[in-house]
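Pasted below: work.txt, compact mmCIF, C-alpha atoms.
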```
# COMPACT_ATOMS: atom_id res chain seq x y z
CA VAL A 202 0.00 0.00 0.00
CA GLN A 203 1.16 3.53 -0.73
CA LEU A 204 0.22 6.42 1.53
CA GLN A 205 -0.06 10.10 0.70
CA ALA A 206 -0.51 12.55 3.53
CA SER A 207 -2.02 16.00 3.18
CA GLY A 208 -3.62 18.79 5.16
CA GLY A 209 -0.77 20.18 7.19
CA GLY A 210 -0.19 23.88 7.60
CA LEU A 211 0.14 26.78 9.97
CA VAL A 212 -2.46 27.36 12.67
CA GLN A 213 -2.66 29.51 15.77
CA ALA A 214 -2.72 28.01 19.22
CA GLY A 215 -6.22 26.92 20.14
CA GLY A 216 -7.11 26.29 16.53
CA SER A 217 -7.99 23.15 14.63
CA LEU A 218 -6.60 21.29 11.66
CA ARG A 219 -7.34 18.03 9.93
CA VAL A 220 -4.66 15.95 8.30
CA SER A 221 -5.55 13.12 5.98
CA CYS A 222 -3.88 10.19 4.34
CA ALA A 223 -5.02 8.59 1.11
CA ALA A 224 -3.99 5.05 0.34
CA SER A 225 -3.58 3.23 -2.92
CA GLY A 226 -3.44 -0.50 -3.20
CA ARG A 227 -5.58 -3.43 -2.30
CA SER A 228 -7.30 -4.53 0.87
CA PHE A 229 -7.15 -1.19 2.64
CA SER A 230 -9.47 -2.44 5.37
CA SER A 231 -6.98 -5.16 6.27
CA TYR A 232 -4.47 -2.60 7.49
CA ALA A 233 -4.30 -1.04 10.87
CA LEU A 234 -3.35 2.61 10.55
CA GLY A 235 -1.43 4.92 12.76
CA TRP A 236 -0.53 8.56 12.97
CA PHE A 237 2.90 9.44 14.29
CA ARG A 238 4.68 12.74 14.65
CA GLN A 239 8.24 13.89 14.81
CA ALA A 240 9.29 17.26 16.16
CA PRO A 241 12.72 18.71 15.29
CA GLY A 242 15.47 16.91 17.18
CA LYS A 243 13.08 14.38 18.69
CA GLU A 244 12.08 10.80 18.03
CA ARG A 245 9.02 9.83 16.07
CA ASP A 246 6.17 9.33 18.51
CA PHE A 247 2.83 7.59 18.31
CA VAL A 248 -0.20 9.88 18.18
CA ALA A 249 -3.22 7.71 17.37
CA GLY A 250 -4.04 4.37 15.82
CA ILE A 251 -7.04 2.50 14.50
CA THR A 252 -7.59 -1.10 13.54
CA GLY A 253 -8.81 -2.21 10.13
CA SER A 254 -12.47 -2.29 11.06
CA GLY A 255 -12.20 0.84 13.13
CA GLY A 256 -13.31 -1.06 16.20
CA ILE A 257 -10.21 -0.37 18.29
CA ILE A 258 -8.68 3.07 18.66
CA TYR A 259 -5.84 4.29 20.85
CA TYR A 260 -4.46 7.75 21.53
CA ALA A 261 -1.32 9.03 23.11
CA ASP A 262 -2.06 10.66 26.45
CA SER A 263 -0.81 13.99 25.14
CA VAL A 264 -3.57 14.20 22.54
CA LYS A 265 -6.41 12.34 24.20
CA GLY A 266 -9.58 14.42 24.20
CA ARG A 267 -8.21 16.80 21.56
CA PHE A 268 -7.48 14.58 18.55
CA THR A 269 -9.78 12.15 16.76
CA ILE A 270 -8.69 9.48 14.32
CA SER A 271 -11.15 8.08 11.79
CA ARG A 272 -11.04 6.03 8.65
CA ASP A 273 -13.19 5.54 5.59
CA ASN A 274 -12.50 2.13 4.11
CA ALA A 275 -14.67 2.81 1.08
CA GLU A 276 -12.52 5.83 0.23
CA SER A 277 -9.23 4.31 1.48
CA THR A 278 -8.54 7.29 3.66
CA VAL A 279 -7.66 7.98 7.26
CA HIS A 280 -8.05 11.32 8.99
CA LEU A 281 -6.73 12.95 12.11
CA GLN A 282 -8.87 15.80 13.39
CA MET A 283 -6.80 17.97 15.71
CA ASN A 284 -8.48 20.48 18.01
CA SER A 285 -7.19 22.78 20.73
CA LEU A 286 -3.76 22.74 19.16
CA ASN A 287 -0.81 24.09 21.09
CA PRO A 288 2.80 24.83 20.05
CA GLU A 289 3.91 21.46 21.46
CA ASP A 290 1.90 19.80 18.68
CA THR A 291 4.22 21.27 16.06
CA ALA A 292 5.77 18.39 14.13
CA VAL A 293 5.81 16.49 10.89
CA TYR A 294 2.86 14.11 10.98
CA TYR A 295 3.18 10.72 9.34
CA CYS A 296 0.55 8.15 8.56
CA ALA A 297 1.54 4.51 8.59
CA ALA A 298 -0.01 1.15 7.85
CA THR A 299 0.58 -2.36 9.06
CA LEU A 300 -0.82 -5.84 8.62
CA SER A 301 0.61 -6.87 11.97
CA TRP A 302 -1.61 -7.66 14.92
CA VAL A 303 -1.80 -4.37 16.82
CA ARG A 304 -4.94 -4.67 18.87
CA THR A 305 -3.20 -3.70 22.09
CA MET A 306 -1.90 -0.27 22.97
CA ALA A 307 1.59 -1.64 23.47
CA ARG A 308 1.76 -2.97 19.95
CA MET A 309 -0.11 -0.21 18.16
CA THR A 310 2.42 2.35 19.38
CA GLN A 311 5.46 0.47 18.04
CA THR A 312 6.85 2.19 14.96
CA SER A 313 8.78 -0.95 14.04
CA LEU A 314 5.54 -2.81 13.33
CA TYR A 315 4.49 -0.41 10.57
CA ASN A 316 5.71 -1.41 7.14
CA TYR A 317 4.31 1.43 5.08
CA TRP A 318 4.76 5.14 5.67
CA GLY A 319 3.51 8.27 4.04
CA GLN A 320 5.82 11.16 3.27
CA GLY A 321 4.71 13.31 6.19
CA THR A 322 2.93 16.63 6.41
CA LEU A 323 4.13 19.56 8.50
CA VAL A 324 1.88 21.03 11.17
CA THR A 325 3.04 24.26 12.75
CA VAL A 326 1.20 25.77 15.69
CA SER A 327 2.07 29.35 16.51
CA SER A 328 1.71 30.82 19.99
```
Before anything else, please render the file you have as structure tokens.
Amino acid sequence: VQLQASGGGLVQAGGSLRVSCAASGRSFSSYALGWFRQAPGKERDFVAGITGSGGIIYYADSVKGRFTISRDNAESTVHLQMNSLNPEDTAVYYCAATLSWVRTMARMTQTSLYNYWGQGTLVTVSS
């Protein structure tokens, strides 16, 4: 599967932004999907993840209650709605896909389990 992220940009603190990822390839609904982010000089961190059916969703504590992940298997897309943004959310956001079993939080957060990555989209939150 190939992933193409879009929707990043510049937003003021307290604002909202939605980033999306469009996939090409077969059997999109078989893949669990994750959003990760990487700030300058830092490691790539898990943000949110969703299983193929959408039945299991996990969020990093830092975004819980502010971000919402969703997927549309008919359109082969995954979205990350980000509300109440703050400057600490500034990062390049990556979508990723995996066929691995990631139905637990411990596994869904592991970057090494994701085989396919989008190119990333930059989100900048100004104070």
Using only the atoms of region 296-308 of chain A listed in the file, plus 3 Å on each side, state the axis-aligned box centre and edge lengths in Å rounded to one decimal, as lines of an AutoDock Vina configuration file.
```
center_x = -1.6
center_y = 0.2
center_z = 15.7
size_x = 12.7
size_y = 21.8
size_z = 21.6
```
Scan for residues within 10 Å of the point (2.9, 1.5, 9.0) in the coordinates of the file, using all atoms listed in the file, and reply as an mmCIF file with C-alpha atoms, keeping the file's coordinate frame.
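What follows is the written file selection.cif:
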```
data_model
loop_
_atom_site.group_PDB
_atom_site.id
_atom_site.type_symbol
_atom_site.label_atom_id
_atom_site.label_comp_id
_atom_site.auth_asym_id
_atom_site.auth_seq_id
_atom_site.Cartn_x
_atom_site.Cartn_y
_atom_site.Cartn_z
ATOM 1 C CA VAL A 202 0.000 0.000 0.000
ATOM 2 C CA LEU A 204 0.220 6.420 1.530
ATOM 3 C CA TYR A 232 -4.470 -2.600 7.490
ATOM 4 C CA ALA A 233 -4.300 -1.040 10.870
ATOM 5 C CA LEU A 234 -3.350 2.610 10.550
ATOM 6 C CA GLY A 235 -1.430 4.920 12.760
ATOM 7 C CA TRP A 236 -0.530 8.560 12.970
ATOM 8 C CA PHE A 237 2.900 9.440 14.290
ATOM 9 C CA TYR A 295 3.180 10.720 9.340
ATOM 10 C CA CYS A 296 0.550 8.150 8.560
ATOM 11 C CA ALA A 297 1.540 4.510 8.590
ATOM 12 C CA ALA A 298 -0.010 1.150 7.850
ATOM 13 C CA THR A 299 0.580 -2.360 9.060
ATOM 14 C CA LEU A 300 -0.820 -5.840 8.620
ATOM 15 C CA SER A 301 0.610 -6.870 11.970
ATOM 16 C CA MET A 309 -0.110 -0.210 18.160
ATOM 17 C CA GLN A 311 5.460 0.470 18.040
ATOM 18 C CA THR A 312 6.850 2.190 14.960
ATOM 19 C CA SER A 313 8.780 -0.950 14.040
ATOM 20 C CA LEU A 314 5.540 -2.810 13.330
ATOM 21 C CA TYR A 315 4.490 -0.410 10.570
ATOM 22 C CA ASN A 316 5.710 -1.410 7.140
ATOM 23 C CA TYR A 317 4.310 1.430 5.080
ATOM 24 C CA TRP A 318 4.760 5.140 5.670
ATOM 25 C CA GLY A 319 3.510 8.270 4.040
#
```
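Coordinates place CA of Ser327 (chain A) at a distance of 27.2 Å from CA of Thr310 (chain A).
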Could you give me, as a count of residues only, the residues that sit within 7 Å of (-2.7, 23.2, 23.6) in the file's coordinates, counting all atoms listed in the file?
6
Item to complete: List the neighbours of Gly216 (chain A) out to 12 Å using only C-alpha atoms; skip same-chain residues closer than 3 positions along the sequence, and give me the result as a PyMOL selection string.
Response: chain A and resi 210-213+219+267-268+282-288+290+324-328
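Here CA of Tyr294 (chain A) is placed at a distance of 11.4 Å from CA of Gln205 (chain A).
Note that the spacing between CA of Thr291 (chain A) and CA of Gly250 (chain A) amounts to 18.8 Å.
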